[in-house]
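Enquirer: For reference, the structure I am asking about is given below.
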Amino acid sequence: MSESAASLPLAGSRSRDVLVVLAALASVALAARLGVWQLDRAAQKEALQARLEAREREPPLAASALARRPEDVAVQTYRRVGLGGHWIAERTVFLDNRQMQDKVGFFVVTPLLLDASHDAVLVQRGWVARNFNERTALPAIVTPSGHVDVEGTVVTAPARLFEFSAAASGAIRQNIAAASFAHETGLALLPLAILQSATAANAHDGLDRRWPPPATDVQMHYGYAFQWFAIGTVIAFLYVWFRIVRPRQRRRA
């Protein structure tokens with residue numbers, strides 16, 4: 001056998017070794033990077049939670065202090081509010097496929113016409129179960145007439161869900177946005193929404209207000225980070241064991 005022919009298996013073995021090393025290094029680096037990313041996400045959530053808790057300790061906002069421009073809403077998000085006004089009950093919207101305590105139903109959103117003002121604001125009043133036997137049936141809820149006092153927190157808007165039709169209308173719909181709903185109804189809606197709190201005054205209106213606190217999944221990110229770091233460690237261990245330790249043991253044997 002010629003010298004060149006004998007060198008072919010050796011060259012192939014070296015190329016294979018290089019590929020294995022590169023694959024192992026890339027896998028460990030990727031796992032480490034994903035672990036660091038999850039730690040960064042956890043840190044962001046903890047910082048957000050700290051900001052929200054600080055805002056909750058601030059005095060409630062009055063109606064006159066609410067943001068009038070969309071770019072001003074972010075600094076008021078999760079600030080407490082105390083508002084007075086009248087429900088515009090005929091404009092109540094039932095947002096479909098929303099969960100509360102692992103049950104599916106509606107989020108009930110009703111505009112509140114603010115006292116001494118032509119402005120209105122969308123209030124996410126609570127959750128109610130739906131009739132799955134008659135999907136178009138609206139649940140019975142109590143909407144007081146006359147003056148009401150509303151306590152809650154500022155939010156940007158109810159979370160959006162996927163919908164097939166962008167031109168949603170009617171009492172039951174998937175999503176609602178202040179700008180489009182204002183155009184639809186002619187109401188002077190502020191560019192924010194209010195997440196109504198549970199109080200003695202609304203305890204018997206048929207709505208569930210056990211809203212989940214924001215940024216509660218920090219531990220999930222730590223768990224994912226641990227998994228990625230563990231995966232990287234296992235890959236590095238397997239490489240060292242099968243490519244370094246075991247071959248040395250065989251040569252000694």
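Lettering and numbering for the structure tokens are positional, with chains as A, B, ... in the shown order, residues counted from 1 in each chain, and ligands counted from 1 in the shown order.
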If you run DSSP over the backbone, which residues in region 22-174 of chain A end up alpha helix (DSSP H)? Put them as a PyMOL selection string.

Expert: chain A and resi 22-56

Enquirer: Residues near Ala178 (chain A), anyone? I mean within 7 Å using only C-alpha atoms, not counting same-chain ones fewer than 3 positions away, as a list in words.

Expert: Phe181, Ala182, Leu189, Pro191 and Leu192 of chain A

Enquirer: Within 9 Å of Ile88 (chain A), counting only C-alpha atoms, which residues show up once you throw out same-chain ones fewer than 4 positions away? Write them as a short mmCIF file (atom, residue, chain, number, x, y, z; two decimals) with C-alpha atoms, in the first residue's frame, please.

Expert:
```cif
data_model
loop_
_atom_site.label_atom_id
_atom_site.label_comp_id
_atom_site.auth_asym_id
_atom_site.auth_seq_id
_atom_site.Cartn_x
_atom_site.Cartn_y
_atom_site.Cartn_z
CA THR A 92 -70.17 46.74 26.74
CA THR A 110 -67.34 48.69 29.48
CA PRO A 111 -66.58 52.35 28.71
CA LEU A 112 -66.83 54.71 31.70
CA LEU A 113 -67.90 58.28 30.96
CA SER A 145 -76.88 52.90 36.40
#
```

Enquirer: Would you mind listing, for every residue of region 104-209 of chain A within 12 Å of region 61-83 of chain A, the two atoms forming the shortest contact and the distance between them in Å to one decimal, using only C-alpha atoms, sorted by chain and ascending residue number, as a tab-separated table?

Expert:
```
residue	atom	partner	partner_atom	distance
A:Leu112	CA	A:Leu83	CA	9.0
A:Leu113	CA	A:Leu83	CA	9.8
A:Leu114	CA	A:Leu83	CA	7.2
A:Asp115	CA	A:Leu83	CA	8.2
A:Ala116	CA	A:Ala63	CA	9.8
A:Ser117	CA	A:Ser64	CA	9.1
A:His118	CA	A:Ala63	CA	11.6
A:Asp119	CA	A:Ala63	CA	9.3
A:Ala120	CA	A:Ala63	CA	9.8
A:Val121	CA	A:Ala63	CA	9.5
A:Leu122	CA	A:Leu83	CA	11.9
A:Val123	CA	A:Leu83	CA	10.6
A:His147	CA	A:Leu83	CA	10.5
A:Val148	CA	A:Leu83	CA	8.3
A:Asp149	CA	A:Leu83	CA	5.7
A:Val150	CA	A:Leu83	CA	5.1
A:Glu151	CA	A:Gly82	CA	4.8
A:Gly152	CA	A:Val81	CA	5.5
A:Thr153	CA	A:Arg80	CA	4.3
A:Val154	CA	A:Tyr78	CA	4.8
A:Val155	CA	A:Thr77	CA	5.1
A:Thr156	CA	A:Thr77	CA	6.7
A:Ala157	CA	A:Thr77	CA	10.1
A:Ala177	CA	A:Pro70	CA	11.9
A:Ala178	CA	A:Pro70	CA	10.1
A:Ala179	CA	A:Pro70	CA	9.9
A:Ala188	CA	A:Arg68	CA	10.3
A:Leu189	CA	A:Arg68	CA	9.0
A:Leu190	CA	A:Arg68	CA	5.8
A:Pro191	CA	A:Pro70	CA	5.4
A:Leu192	CA	A:Val73	CA	6.6
A:Ala193	CA	A:Thr77	CA	9.4
A:Ile194	CA	A:Val81	CA	8.1
A:Leu195	CA	A:Tyr78	CA	8.8
A:Gln196	CA	A:Val81	CA	9.2
A:Ser197	CA	A:Arg80	CA	9.5
```

Enquirer: Please identify the strand (DSSP E) residues within region 63-163 of chain A (assignment by DSSP from backbone atoms) and present them as a ChimeraX atom specification.

Expert: /A:80-87,93-100,103-114,119-129,147-155

Enquirer: So which one's closest to Phe229 (chain A), A:Ile172, A:Ala54, A:Val104, A:Ala31? Using only C-alpha atoms, please.

Expert: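 Nearest candidate to Phe229 (chain A) out of A:Ile172, A:Ala54, A:Val104, A:Ala31: A:Ala31.
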